[in-house]
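*Asks:* What follows is final-v9.txt, compact mmCIF, C-alpha atoms.
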# COMPACT_ATOMS: atom_id res chain seq x y z
CA MET N 113 -10.45 -102.35 71.71
CA ASN N 114 -8.33 -99.43 72.89
CA CYS N 115 -8.37 -95.71 72.03
CA ALA N 116 -5.71 -95.91 69.30
CA ARG N 117 -7.45 -98.83 67.61
CA LEU N 118 -10.83 -97.10 67.82
CA ARG N 119 -9.48 -94.05 66.02
CA GLN N 120 -8.26 -96.28 63.21
CA VAL N 121 -11.53 -98.09 62.62
CA LEU N 122 -14.27 -95.70 63.77
CA ASP N 123 -14.77 -94.20 60.29
CA ALA N 124 -15.24 -97.61 58.71
CA HIS N 125 -17.73 -98.44 61.46
CA LEU N 126 -19.73 -95.24 60.89
CA ASP N 127 -19.61 -95.92 57.15
CA GLY N 128 -21.23 -99.32 57.81
CA GLU N 129 -18.21 -101.22 56.52
CA LEU N 130 -17.29 -103.26 59.60
CA ASP N 131 -18.59 -106.57 60.86
CA HIS N 132 -21.11 -106.62 63.67
CA ALA N 133 -18.72 -107.95 66.34
CA THR N 134 -16.14 -105.19 65.80
CA GLY N 135 -18.95 -102.64 65.78
CA GLU N 136 -20.08 -103.84 69.19
CA GLU N 137 -16.54 -103.61 70.55
CA ILE N 138 -16.33 -100.02 69.35
CA GLU N 139 -19.64 -99.09 70.92
CA ARG N 140 -18.68 -100.78 74.19
CA HIS N 141 -15.39 -98.89 74.36
CA ALA N 142 -16.99 -95.55 73.47
CA GLY N 143 -19.59 -96.18 76.17
CA SER N 144 -16.89 -96.20 78.84
CA CYS N 145 -14.35 -93.71 77.39
CA ALA N 146 -15.34 -90.05 77.37
CA ALA N 147 -12.58 -89.04 74.94
CA CYS N 148 -13.59 -91.67 72.39
CA ALA N 149 -17.27 -90.82 72.82
CA ALA N 150 -16.41 -87.18 72.11
CA PHE N 151 -14.37 -88.23 69.08
CA ARG N 152 -17.30 -90.22 67.77
CA ALA N 153 -19.69 -87.28 68.27
CA GLU N 154 -17.24 -84.98 66.46
CA ARG N 155 -17.00 -87.39 63.53
CA ASN N 156 -20.75 -87.75 63.28
CA ALA N 157 -21.13 -83.96 63.23
CA LEU N 158 -18.47 -83.66 60.52
CA ARG N 159 -20.17 -86.29 58.37
CA GLU N 160 -23.51 -84.56 58.70
CA ARG N 161 -22.01 -81.18 57.91
CA VAL N 162 -20.24 -82.43 54.78
CA ARG N 163 -23.39 -84.10 53.49
CA ALA N 164 -25.54 -81.07 54.24
CA GLN N 165 -23.19 -78.32 53.08
CA ALA N 166 -20.69 -79.59 50.51
CA PRO N 167 -21.87 -78.56 47.03
CA TYR N 168 -23.04 -81.30 44.68
CA TYR N 169 -22.26 -80.27 41.11
CA ARG N 170 -24.86 -81.51 38.67
CA ALA N 171 -24.00 -81.92 35.01
CA PRO N 172 -24.97 -78.73 33.13
CA ALA N 173 -27.67 -79.12 30.47
CA ALA N 174 -25.22 -77.99 27.77
CA LEU N 175 -22.86 -80.84 28.71
CA LYS N 176 -25.68 -83.40 28.52
CA ARG N 177 -26.52 -82.14 25.04
CA SER N 178 -22.96 -82.16 23.77
CA VAL N 179 -22.32 -85.67 25.18
CA GLY N 180 -25.48 -86.89 23.44
CA GLN N 181 -24.36 -85.33 20.16
CA SER N 182 -20.84 -86.70 20.21
CA LEU N 183 -22.06 -90.19 21.13
CA ALA N 184 -24.60 -90.13 18.31
CA ALA N 185 -21.76 -89.19 15.96
CA ALA N 186 -19.48 -91.88 17.39
CA SER N 187 -22.11 -94.61 17.04
CA GLU N 188 -22.88 -93.93 13.38
CA PRO N 189 -21.75 -96.88 11.22
CA ALA N 190 -19.35 -94.86 9.09
CA ALA N 191 -18.00 -92.84 11.98
CA VAL N 192 -15.28 -91.19 9.94
CA LYS N 193 -16.46 -87.62 10.27
CA PRO N 194 -14.82 -85.79 13.17
CA ARG N 195 -17.18 -84.45 15.80
CA PRO N 196 -17.69 -80.70 15.50
CA THR N 197 -15.70 -78.56 17.87
CA TRP N 198 -17.32 -75.74 19.80
CA LEU N 199 -15.81 -73.24 17.43
CA GLN N 200 -17.25 -75.00 14.42
CA ALA N 201 -20.61 -75.15 16.16
CA ALA N 202 -20.44 -71.42 16.79
CA LEU N 203 -19.48 -70.75 13.18
CA LEU N 204 -22.36 -72.91 11.97
CA ALA N 205 -24.74 -70.96 14.16
CA ALA N 206 -23.37 -67.70 12.79
CA VAL N 207 -23.80 -68.93 9.22
CA ALA N 208 -27.33 -70.08 9.99
CA ALA N 209 -28.07 -66.68 11.46
CA LEU N 210 -26.67 -64.95 8.38
CA ILE N 211 -28.72 -67.09 6.00
CA SER N 212 -31.85 -66.46 8.00
CA ALA N 213 -31.20 -62.74 8.06
CA THR N 214 -30.65 -62.67 4.29
CA ALA N 215 -33.79 -64.68 3.67
CA GLY N 216 -35.66 -62.23 5.85
CA TYR N 217 -37.25 -65.09 7.70
CA TRP N 218 -36.68 -65.95 11.31
CA ILE N 219 -39.06 -68.12 13.24
CA GLY N 220 -40.49 -66.20 16.13
CA ARG N 221 -38.26 -63.21 15.44
CA PRO N 222 -37.84 -62.86 19.18
CA LEU N 223 -35.87 -59.64 19.34
CA PRO N 224 -36.26 -56.40 17.39
CA ASP N 225 -32.85 -56.82 15.77
CA GLY N 226 -33.70 -60.17 14.20
CA SER N 227 -30.80 -62.60 14.37
CA LEU N 228 -29.33 -60.94 17.45
CA SER N 229 -30.26 -63.83 19.74
CA GLU N 230 -28.39 -66.37 17.59
CA GLN N 231 -25.37 -64.08 17.39
CA VAL N 232 -25.06 -63.49 21.12
CA VAL N 233 -25.61 -67.21 21.80
CA ALA N 234 -22.79 -68.03 19.35
CA SER N 235 -20.49 -65.63 21.21
CA HIS N 236 -21.63 -67.05 24.56
CA VAL N 237 -21.01 -70.66 23.49
CA ALA N 238 -17.60 -69.79 22.04
CA SER N 239 -16.59 -68.19 25.35
CA LEU N 240 -17.34 -71.47 27.18
CA ALA N 241 -15.42 -73.57 24.67
CA GLY N 242 -12.29 -74.10 26.74
CA ALA N 243 -10.42 -73.21 29.87
CA GLY N 244 -9.12 -69.66 29.90
CA ARG N 245 -11.37 -68.26 27.18
CA LEU N 246 -14.03 -66.87 29.44
CA THR N 247 -12.16 -63.95 30.95
CA GLU N 248 -9.11 -61.91 30.00
CA VAL N 249 -9.22 -60.12 33.32
CA GLY N 250 -10.41 -62.31 36.16
CA SER N 251 -11.55 -60.51 39.28
CA THR N 252 -14.54 -60.35 41.58
CA ASP N 253 -13.78 -56.66 42.22
CA ARG N 254 -15.62 -54.32 39.88
CA HIS N 255 -13.06 -51.60 40.58
CA ALA N 256 -10.47 -53.89 38.98
CA VAL N 257 -12.65 -54.95 36.06
CA LYS N 258 -14.01 -51.60 34.93
CA PRO N 259 -10.64 -49.80 34.44
CA TRP N 260 -9.38 -52.78 32.42
CA PHE N 261 -11.58 -51.64 29.51
CA GLN N 262 -9.98 -48.18 29.40
CA GLY N 263 -8.24 -47.60 26.10
CA LYS N 264 -9.60 -50.85 24.68
CA VAL N 265 -13.09 -49.70 23.71
CA ASP N 266 -14.55 -46.24 23.09
CA PHE N 267 -17.38 -46.63 25.59
CA THR N 268 -17.76 -47.53 29.25
CA PRO N 269 -19.56 -50.81 29.90
CA VAL N 270 -21.63 -51.37 33.03
CA VAL N 271 -19.89 -53.46 35.72
CA ARG N 272 -21.84 -54.09 38.90
CA ASP N 273 -21.18 -55.86 42.17
CA LEU N 274 -24.25 -58.08 42.51
CA SER N 275 -22.70 -60.67 44.84
CA GLY N 276 -25.27 -59.81 47.51
CA GLU N 277 -27.94 -61.04 45.10
CA GLY N 278 -26.08 -64.24 44.25
CA TYR N 279 -24.60 -63.06 40.94
CA ILE N 280 -20.84 -63.32 41.36
CA LEU N 281 -18.61 -61.20 39.12
CA LEU N 282 -15.91 -63.37 37.53
CA GLY N 283 -14.20 -60.91 35.20
CA ALA N 284 -14.39 -59.61 31.65
CA ARG N 285 -13.01 -59.87 28.13
CA LEU N 286 -13.25 -58.21 24.73
CA ASP N 287 -15.51 -60.06 22.30
CA HIS N 288 -17.59 -59.65 19.18
CA VAL N 289 -21.31 -59.90 18.60
CA ALA N 290 -21.64 -60.64 14.88
CA ASP N 291 -19.13 -58.15 13.39
CA ARG N 292 -19.36 -55.51 16.12
CA GLN N 293 -16.79 -55.13 18.82
CA ALA N 294 -18.37 -55.80 22.19
CA THR N 295 -17.42 -55.99 25.83
CA ALA N 296 -18.35 -59.08 27.79
CA VAL N 297 -18.66 -58.94 31.58
CA VAL N 298 -18.93 -62.40 33.11
CA TYR N 299 -20.97 -63.39 36.14
CA ARG N 300 -21.82 -66.69 37.77
CA VAL N 301 -25.07 -67.59 39.51
CA ARG N 302 -24.98 -70.98 41.24
CA ASN N 303 -23.24 -73.07 38.56
CA HIS N 304 -24.40 -71.03 35.57
CA ILE N 305 -22.30 -68.56 33.64
CA ILE N 306 -23.85 -65.29 32.46
CA ASN N 307 -22.19 -63.26 29.71
CA LEU N 308 -23.31 -59.64 29.69
CA PHE N 309 -22.46 -58.24 26.25
CA ALA N 310 -22.50 -54.52 25.46
CA TRP N 311 -21.83 -52.67 22.20
CA ARG N 312 -22.65 -49.33 20.58
CA ALA N 313 -26.32 -49.28 19.65
CA VAL N 314 -27.22 -48.74 16.00
CA GLN N 315 -30.61 -47.26 16.83
CA PRO N 316 -30.69 -44.29 19.20
CA GLY N 317 -33.03 -44.35 22.18
CA ASP N 318 -33.63 -46.69 25.11
CA GLU N 319 -35.37 -50.04 24.73
CA PRO N 320 -37.10 -51.99 27.53
CA THR N 321 -35.82 -55.47 28.43
CA ALA N 322 -36.95 -58.18 26.00
CA LEU N 323 -36.57 -61.86 26.81
CA ALA N 324 -35.82 -64.47 24.16
CA ARG N 325 -34.62 -68.05 23.88
CA ALA N 326 -32.28 -69.64 21.35
CA ARG N 327 -30.65 -73.07 21.24
CA GLY N 328 -31.53 -73.75 24.85
CA PHE N 329 -30.09 -70.48 26.17
CA ASN N 330 -32.02 -67.57 27.62
CA ILE N 331 -31.35 -64.02 26.47
CA ALA N 332 -32.32 -60.69 27.99
CA ALA N 333 -31.66 -57.67 25.77
CA TRP N 334 -32.19 -53.94 26.22
CA SER N 335 -30.78 -50.55 25.17
CA GLU N 336 -29.70 -47.77 27.45
CA GLY N 337 -27.50 -44.69 27.14
CA GLY N 338 -26.49 -45.34 23.54
CA LEU N 339 -25.46 -48.95 24.26
CA ARG N 340 -27.15 -52.22 23.38
CA PHE N 341 -26.97 -54.91 26.08
CA ALA N 342 -27.59 -58.65 25.90
CA ALA N 343 -27.27 -61.08 28.82
CA VAL N 344 -26.99 -64.76 27.83
CA SER N 345 -27.03 -67.83 30.07
CA ASP N 346 -28.42 -71.31 30.57
CA VAL N 347 -29.85 -70.16 33.89
CA ASP N 348 -33.66 -70.07 34.27
CA ALA N 349 -35.44 -67.19 32.53
CA PRO N 350 -36.71 -65.65 35.80
CA ASP N 351 -33.15 -65.57 37.20
CA LEU N 352 -31.86 -63.93 34.03
CA ALA N 353 -34.70 -61.39 34.03
CA ARG N 354 -33.85 -60.57 37.65
CA PHE N 355 -30.20 -60.16 36.65
CA ALA N 356 -31.17 -57.72 33.85
CA GLU N 357 -33.29 -55.77 36.29
CA LEU N 358 -30.40 -55.50 38.78
CA VAL N 359 -27.93 -54.41 36.10
CA ARG N 360 -30.33 -51.72 34.90
CA GLN N 361 -30.83 -50.24 38.35
CA SER N 362 -28.63 -47.29 39.18
CA PRO N 363 -25.63 -48.32 41.33
CA MET V 209 -24.83 -105.70 19.17
CA GLY V 210 -26.28 -103.03 16.84
CA ASP V 211 -25.10 -99.47 17.20
CA ALA V 212 -28.51 -98.16 18.20
CA ALA V 213 -28.91 -100.93 20.78
CA LYS V 214 -25.43 -100.27 22.12
CA LEU V 215 -26.15 -96.56 22.44
CA GLY V 216 -29.43 -97.29 24.22
CA ARG V 217 -27.80 -99.64 26.69
CA PHE V 218 -24.94 -97.20 27.25
CA GLU V 219 -27.39 -94.42 28.03
CA ARG V 220 -29.26 -96.57 30.57
CA THR V 221 -26.30 -98.08 32.38
CA VAL V 222 -23.61 -95.40 32.09
CA LEU V 223 -25.06 -92.00 31.16
CA ALA V 224 -27.53 -92.40 34.00
CA HIS V 225 -24.53 -91.45 36.16
CA LEU V 226 -23.63 -88.24 34.34
CA ASP V 227 -24.38 -86.06 37.39
CA ALA V 228 -22.13 -88.22 39.56
CA ALA V 229 -19.45 -88.06 36.87
CA TYR V 230 -19.62 -84.28 36.65
CA ASN V 231 -19.63 -83.91 40.44
CA LEU V 232 -16.44 -85.98 40.77
CA ALA V 233 -14.84 -84.17 37.82
CA ARG V 234 -15.70 -80.74 39.21
CA TRP V 235 -14.21 -81.61 42.63
CA LEU V 236 -11.08 -83.07 41.02
CA THR V 237 -10.36 -80.39 38.40
CA ARG V 238 -11.82 -77.53 40.48
CA ASP V 239 -12.76 -75.91 37.18
CA ASP V 240 -16.15 -75.73 35.39
CA ALA V 241 -14.79 -75.95 31.87
CA GLY V 242 -12.19 -78.55 32.86
CA ALA V 243 -14.87 -80.77 34.41
CA GLU V 244 -16.97 -80.53 31.24
CA ASP V 245 -13.99 -81.36 29.02
CA ALA V 246 -13.01 -84.33 31.19
CA VAL V 247 -16.55 -85.74 31.37
CA GLN V 248 -17.03 -85.33 27.62
CA GLU V 249 -13.77 -87.16 26.98
CA ALA V 250 -14.62 -89.86 29.55
CA CYS V 251 -18.00 -90.52 27.88
CA LEU V 252 -16.31 -91.11 24.53
CA ARG V 253 -13.66 -93.38 26.07
CA ALA V 254 -16.30 -95.30 28.03
CA PHE V 255 -18.44 -95.73 24.92
CA ARG V 256 -15.46 -97.06 22.99
CA PHE V 257 -14.64 -99.67 25.63
CA PHE V 258 -18.20 -100.25 26.75
CA GLU V 259 -18.83 -103.84 25.68
CA GLY V 260 -18.05 -106.34 28.41
CA GLN V 261 -15.90 -103.96 30.42
CA GLN V 262 -18.03 -102.68 33.30
CA GLY V 263 -17.71 -105.56 35.78
CA SER V 264 -20.22 -105.80 38.61
CA SER V 265 -20.79 -102.06 39.04
CA PRO V 266 -21.19 -100.00 35.83
CA LYS V 267 -21.20 -96.83 37.93
CA ALA V 268 -17.83 -97.63 39.54
CA TRP V 269 -16.40 -98.58 36.14
CA PHE V 270 -17.59 -95.30 34.57
CA MET V 271 -16.35 -93.24 37.54
CA ALA V 272 -12.89 -94.82 37.13
CA VAL V 273 -12.88 -93.71 33.48
CA VAL V 274 -13.98 -90.23 34.54
CA ARG V 275 -11.25 -90.06 37.19
CA ASN V 276 -8.59 -90.99 34.64
CA ALA V 277 -9.84 -88.34 32.22
CA CYS V 278 -9.66 -85.80 35.06
CA LEU V 279 -6.09 -86.78 35.94
CA ASP V 280 -5.16 -86.35 32.27
CA TRP V 281 -6.81 -82.94 32.20
CA ILE V 282 -5.02 -81.87 35.39
CA ARG V 283 -1.65 -83.01 34.01
CA GLU V 284 -2.26 -81.10 30.80
CA HIS V 285 -3.77 -77.90 32.11
CA ARG V 286 -3.02 -77.42 35.73
CA ARG V 287 0.48 -78.38 36.81
CA ARG V 288 0.12 -75.57 39.29
CA ALA V 289 -2.86 -77.26 40.94
CA VAL V 290 -0.80 -80.36 41.65
CA GLU V 291 1.90 -78.27 43.26
CA GLU V 292 -0.62 -76.48 45.45
CA GLU V 293 -1.76 -79.81 46.81
CA TYR V 294 1.65 -80.51 48.23
CA ASP V 295 1.64 -77.09 49.81
CA ASP V 296 0.16 -78.26 53.05
CA ALA V 297 3.09 -76.89 55.01
CA LEU V 298 2.25 -73.46 53.67
CA HIS V 299 -1.33 -73.74 54.88
CA GLY V 300 -0.07 -74.97 58.24
CA ALA V 301 2.27 -72.00 58.59
CA GLY V 302 -0.70 -69.68 58.36
CA THR V 303 0.41 -67.86 55.22
CA GLY V 304 -1.79 -69.80 52.84
CA ASP V 305 -5.01 -68.01 53.72
CA PRO V 306 -7.24 -67.19 50.82
CA PRO V 307 -7.26 -63.41 50.39
CA ASP V 308 -10.82 -63.01 51.59
CA ALA V 309 -10.83 -65.51 54.46
CA SER V 310 -13.13 -63.38 56.57
CA ALA V 311 -15.65 -63.02 53.77
CA ILE V 312 -15.64 -66.77 53.21
CA ARG V 313 -16.04 -67.32 56.94
CA ALA V 314 -19.21 -65.29 56.72
CA SER V 315 -20.79 -68.40 55.34
CA ASP V 316 -20.30 -71.75 57.04
CA ALA V 317 -21.04 -73.69 53.89
CA ARG V 318 -18.58 -71.73 51.78
CA TRP V 319 -15.88 -72.25 54.37
CA LEU V 320 -16.46 -75.99 54.41
CA HIS V 321 -16.31 -75.95 50.62
CA GLU V 322 -13.01 -74.04 50.70
CA CYS V 323 -11.49 -76.46 53.23
CA MET V 324 -12.60 -79.50 51.24
CA ALA V 325 -11.59 -78.10 47.86
CA THR V 326 -8.04 -77.49 49.08
CA LEU V 327 -7.54 -80.96 50.57
CA PRO V 328 -4.90 -83.01 48.74
CA GLN V 329 -6.48 -84.90 45.87
CA GLU V 330 -6.05 -88.39 47.36
CA TYR V 331 -8.20 -87.42 50.36
CA ARG V 332 -10.59 -85.13 48.47
CA GLU V 333 -11.60 -87.83 45.99
CA VAL V 334 -12.38 -90.53 48.56
CA LEU V 335 -14.40 -88.05 50.64
CA VAL V 336 -16.46 -86.99 47.61
CA LEU V 337 -17.04 -90.60 46.56
CA ARG V 338 -18.03 -91.64 50.08
CA GLU V 339 -19.97 -88.63 51.42
CA LEU V 340 -21.53 -87.23 48.24
CA GLU V 341 -21.89 -90.36 46.10
CA GLU V 342 -22.30 -92.73 49.07
CA LEU V 343 -20.32 -95.45 47.33
CA SER V 344 -19.04 -98.47 49.25
CA TYR V 345 -15.37 -98.93 50.13
CA LYS V 346 -15.25 -101.74 47.58
CA GLU V 347 -16.49 -99.48 44.79
CA ILE V 348 -14.17 -96.66 45.86
CA SER V 349 -11.25 -99.07 45.87
CA ALA V 350 -12.10 -100.06 42.28
CA ILE V 351 -12.42 -96.41 41.15
CA VAL V 352 -9.25 -95.11 42.78
CA ASP V 353 -7.43 -98.40 42.10
CA VAL V 354 -6.02 -98.92 45.60
CA PRO V 355 -6.63 -101.73 48.14
CA LEU V 356 -9.61 -101.57 50.53
CA GLY V 357 -7.33 -100.87 53.49
CA THR V 358 -5.96 -97.82 51.73
CA VAL V 359 -9.48 -96.49 51.11
CA MET V 360 -10.16 -96.93 54.82
CA SER V 361 -7.00 -95.15 55.96
CA ARG V 362 -7.39 -92.33 53.39
CA LEU V 363 -10.95 -91.67 54.51
CA ALA V 364 -9.89 -91.59 58.16
CA ARG V 365 -6.91 -89.34 57.42
CA GLY V 366 -8.96 -87.14 55.09
CA ARG V 367 -11.58 -86.56 57.76
CA ASP V 368 -8.83 -85.81 60.32
CA LEU V 369 -7.36 -83.21 57.97
CA LEU V 370 -10.72 -81.66 57.17
CA GLN V 371 -11.62 -81.43 60.85
CA GLN V 372 -8.27 -79.81 61.67
CA ARG V 373 -8.60 -77.27 58.88
CA LEU V 374 -12.12 -76.30 59.90
CA LEU V 375 -11.00 -75.80 63.51
CA ARG V 376 -7.68 -74.14 62.73
CA SER V 377 -9.25 -71.54 60.47
CA LEU V 378 -11.90 -70.86 63.05
CA LYS V 379 -9.20 -70.17 65.66
CA ARG V 380 -7.24 -67.96 63.29
CA VAL V 381 -10.28 -65.87 62.43
CA ASN V 382 -11.23 -65.52 66.08
CA SER V 383 -7.78 -64.48 67.26
Just give me the structure as structure tokens.
*Replies:*
Amino acid sequence: MNCARLRQVLDAHLDGELDHATGEEIERHAGSCAACAAFRAERNALRERVRAQAPYYRAPAALKRSVGQSLAAASEPAAVKPRPTWLQAALLAAVAALISATAGYWIGRPLPDGSLSEQVVASHVASLAGAGRLTEVGSTDRHAVKPWFQGKVDFTPVVRDLSGEGYILLGARLDHVADRQATAVVYRVRNHIINLFAWRAVQPGDEPTALARARGFNIAAWSEGGLRFAAVSDVDAPDLARFAELVRQSP
Amino acid sequence: MGDAAKLGRFERTVLAHLDAAYNLARWLTRDDAGAEDAVQEACLRAFRFFEGQQGSSPKAWFMAVVRNACLDWIREHRRRAVEEEYDDALHGAGTGDPPDASAIRASDARWLHECMATLPQEYREVLVLRELEELSYKEISAIVDVPLGTVMSRLARGRDLLQQRLLRSLKRVNS
């Protein structure tokens, strides 16, 4: 064993992939060579750092659901029907919301404006449907995002820098909630996307934050300054409530 | 095999590794939506070719399907990403700093993430499979479809590169 050879095989040794005899040769050489001992210590530290600090991305709940659905469809005997796309799913949700609203019946009626939760969830899901749909202006700088809305909508949406709290601004886009034009400001917390929708309120007056849940997503909605706001995400309800609280605080 | 039985067996042997699949896909595509698209596509492909195809390690077989779906996604959506990977010279010349290098440096973990995420794909994937999934060289060689010796040399070279990047950026920030 010499220094050059050790550098070639040390990783395999630390990974437990080498035979015992070669492992002993490596240890013997490192025991008498300060440079190789230092190299081994460096490598061990790197391995520990990667394992401790590199993010491990777990499959989002929405992905687990959609995989389950498409496999169920694929395993049906007469699997001729195409699996629904995200857009179709969103349209279905919108239709369901419309029917429910017409029938005047909505289980739980979680928010004052009835089918609102289904409508914002449909817009949220549609925004996640493919690469590039989430933001039209992508920036973590609120001074770049806010002016982007000028001349596009007749109100000024709230854009906050909440990165210190773990909510990272990703950008914004124009969107619709049901048939109303809305702004959507996009944040990320850990691996969860939050869409913060805003549109002109129908009812005057401020409303406190109400929490609701629809199709596995959490919603926080409130009214302030003539605007209606709804934050939608698959993040935990307490984290979304905290987000709403931070957005509502004066800058 | 009945369809319901097939689905059940698929869920137990393959879908049990959905987190691992998403983790690899997210590191490869470097994009949330791209990783979801690739994993979704990989699950359908794997289900189609499920019977009698997994060999000795269903996880390694599924991860190979996921990796192929990711490579397809990258080819389709992110030609730019492939070009960036061959831009190592640029990084070496000191002009390839991310715009907010100092902010990223503020957090050790985020800096490590940045250095790992910008490694060329051939090194990034073996590091993720080894350090985060703790797969054996044999399994990695089956997933990446290269000989064992290549897995060994890519891991060694990948760790060299990662170490150099971590140190180099530290020096640059300090100077």
*Asks:* Which one is closest to Asp253 of chain N: N:Arg272, N:His236, N:Arg292, N:Arg327? Count all atoms listed in the file.
*Replies:*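 Ranking N:Arg272, N:His236, N:Arg292, N:Arg327 by distance to Asp253 of chain N, first place goes to N:Arg272.
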*Asks:* Just to confirm, what's the straight-line distance from atom CA of Ala243 of chain V to atom CA of Asp316 of chain V in Å (one decimal)?
*Replies:*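 Atom CA of Ala243 of chain V sits 25.0 Å away from atom CA of Asp316 of chain V.
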*Asks:* So how many Å separate atom CA of Ser227 of chain N and atom CA of Val257 of chain N, to one decimal?
*Replies:*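 Interatomic distance here is 29.3 Å.
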*Asks:* List every residue of chain N that has an atom at most 7 Å from any atom of chain V, giving for each one its closest atom pair and the distance in Å to one decimal, counting only C-alpha atoms, sorted by chain and then by ascending residue number, as JSON lines.
*Replies:*
{"residue": "N:Asp123", "atom": "CA", "partner": "V:Ala364", "partner_atom": "CA", "distance": 5.9}
{"residue": "N:Ala124", "atom": "CA", "partner": "V:Met360", "partner_atom": "CA", "distance": 6.4}
{"residue": "N:Arg163", "atom": "CA", "partner": "V:Glu339", "partner_atom": "CA", "distance": 6.0}
{"residue": "N:Gln165", "atom": "CA", "partner": "V:Ala317", "partner_atom": "CA", "distance": 5.2}
{"residue": "N:Ala166", "atom": "CA", "partner": "V:His321", "partner_atom": "CA", "distance": 5.7}
{"residue": "N:Tyr168", "atom": "CA", "partner": "V:Asn231", "partner_atom": "CA", "distance": 6.0}
{"residue": "N:Tyr169", "atom": "CA", "partner": "V:Asn231", "partner_atom": "CA", "distance": 4.5}
{"residue": "N:Arg170", "atom": "CA", "partner": "V:Asp227", "partner_atom": "CA", "distance": 4.8}
{"residue": "N:Ala171", "atom": "CA", "partner": "V:Asp227", "partner_atom": "CA", "distance": 4.8}
{"residue": "N:Leu175", "atom": "CA", "partner": "V:Glu244", "partner_atom": "CA", "distance": 6.4}
{"residue": "N:Val179", "atom": "CA", "partner": "V:Gln248", "partner_atom": "CA", "distance": 5.8}
{"residue": "N:Leu183", "atom": "CA", "partner": "V:Leu252", "partner_atom": "CA", "distance": 6.7}
{"residue": "N:Ser187", "atom": "CA", "partner": "V:Asp211", "partner_atom": "CA", "distance": 5.7}
{"residue": "N:Leu240", "atom": "CA", "partner": "V:Ala241", "partner_atom": "CA", "distance": 7.0}
{"residue": "N:Gly242", "atom": "CA", "partner": "V:Ala241", "partner_atom": "CA", "distance": 6.0}
{"residue": "N:Ala243", "atom": "CA", "partner": "V:Ala241", "partner_atom": "CA", "distance": 5.5}
*Asks:* How far is it from atom CA of Phe341 of chain N to atom CA of Trp311 of chain N, in Å with one decimal?
*Replies:* 6.8 Å
*Asks:* Show me the residues around (-16.2, -97.9, 74.2) - criterion: an atom at most 12 Å away, only C-alpha atoms counted - as a list in words.
*Replies:*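 Nearby residues: Met113, Asn114, Cys115, Ala116, Arg117, Leu118, Arg119, Leu122, Thr134, Gly135, Glu136, Glu137, Ile138, Glu139, Arg140, His141, Ala142, Gly143, Ser144, Cys145, Ala146, Ala147, Cys148, Ala149, Ala150, Phe151 and Arg152 of chain N.
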*Asks:* List the spatial neighbours of Tyr279 of chain N as a list in words - criterion: any atom at most 9 Å away, all atoms listed in the file, same-chain residues fewer than 4 positions off excluded.
*Replies:* Asp273, Leu274, Ser275, Tyr299, Arg300, Val301, Arg302, Ile306 and Phe355 of chain N
*Asks:* Neighbours of Asn330 of chain N within 7 Å (all atoms listed in the file; same-chain residues fewer than 2 positions away dropped), as a short mmCIF file (atom, residue, chain, number, x, y, z; two decimals) with C-alpha atoms, in the coordinates of the input?
*Replies:*
data_model
loop_
_atom_site.label_atom_id
_atom_site.label_comp_id
_atom_site.auth_asym_id
_atom_site.auth_seq_id
_atom_site.Cartn_x
_atom_site.Cartn_y
_atom_site.Cartn_z
CA ALA N 324 -35.82 -64.47 24.16
CA ARG N 325 -34.62 -68.05 23.88
CA ALA N 326 -32.28 -69.64 21.35
CA GLY N 328 -31.53 -73.75 24.85
CA ALA N 332 -32.32 -60.69 27.99
CA VAL N 344 -26.99 -64.76 27.83
CA SER N 345 -27.03 -67.83 30.07
CA ASP N 346 -28.42 -71.31 30.57
CA ALA N 349 -35.44 -67.19 32.53
#
*Asks:* Complete the atoms of segment 279-287 of chain N to N, CA and C atoms and put them out as a PDB file, keeping the file's coordinate frame.
*Replies:*
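Dumped everything to result-v8.pdb:
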ATOM      1  N   TYR N 279     -25.258 -63.103  42.253  1.00  0.00           N
ATOM      2  CA  TYR N 279     -24.600 -63.060  40.940  1.00  0.00           C
ATOM      3  C   TYR N 279     -23.150 -62.628  41.163  1.00  0.00           C
ATOM      4  N   ILE N 280     -22.230 -63.565  41.013  1.00  0.00           N
ATOM      5  CA  ILE N 280     -20.840 -63.320  41.360  1.00  0.00           C
ATOM      6  C   ILE N 280     -20.075 -62.850  40.112  1.00  0.00           C
ATOM      7  N   LEU N 281     -19.433 -61.697  40.221  1.00  0.00           N
ATOM      8  CA  LEU N 281     -18.610 -61.200  39.120  1.00  0.00           C
ATOM      9  C   LEU N 281     -17.369 -62.076  38.982  1.00  0.00           C
ATOM     10  N   LEU N 282     -17.093 -62.532  37.756  1.00  0.00           N
ATOM     11  CA  LEU N 282     -15.910 -63.370  37.530  1.00  0.00           C
ATOM     12  C   LEU N 282     -14.816 -62.639  36.768  1.00  0.00           C
ATOM     13  N   GLY N 283     -15.193 -61.628  35.986  1.00  0.00           N
ATOM     14  CA  GLY N 283     -14.200 -60.910  35.200  1.00  0.00           C
ATOM     15  C   GLY N 283     -14.798 -60.434  33.893  1.00  0.00           C
ATOM     16  N   ALA N 284     -13.909 -60.185  32.911  1.00  0.00           N
ATOM     17  CA  ALA N 284     -14.390 -59.610  31.650  1.00  0.00           C
ATOM     18  C   ALA N 284     -13.427 -59.946  30.528  1.00  0.00           C
ATOM     19  N   ARG N 285     -13.873 -59.695  29.307  1.00  0.00           N
ATOM     20  CA  ARG N 285     -13.010 -59.870  28.130  1.00  0.00           C
ATOM     21  C   ARG N 285     -13.551 -59.005  27.014  1.00  0.00           C
ATOM     22  N   LEU N 286     -12.752 -58.834  25.948  1.00  0.00           N
ATOM     23  CA  LEU N 286     -13.250 -58.210  24.730  1.00  0.00           C
ATOM     24  C   LEU N 286     -13.797 -59.318  23.848  1.00  0.00           C
ATOM     25  N   ASP N 287     -14.869 -59.027  23.118  1.00  0.00           N
ATOM     26  CA  ASP N 287     -15.510 -60.060  22.300  1.00  0.00           C
ATOM     27  C   ASP N 287     -16.148 -59.390  21.092  1.00  0.00           C
TER      28      ASP N 287
END
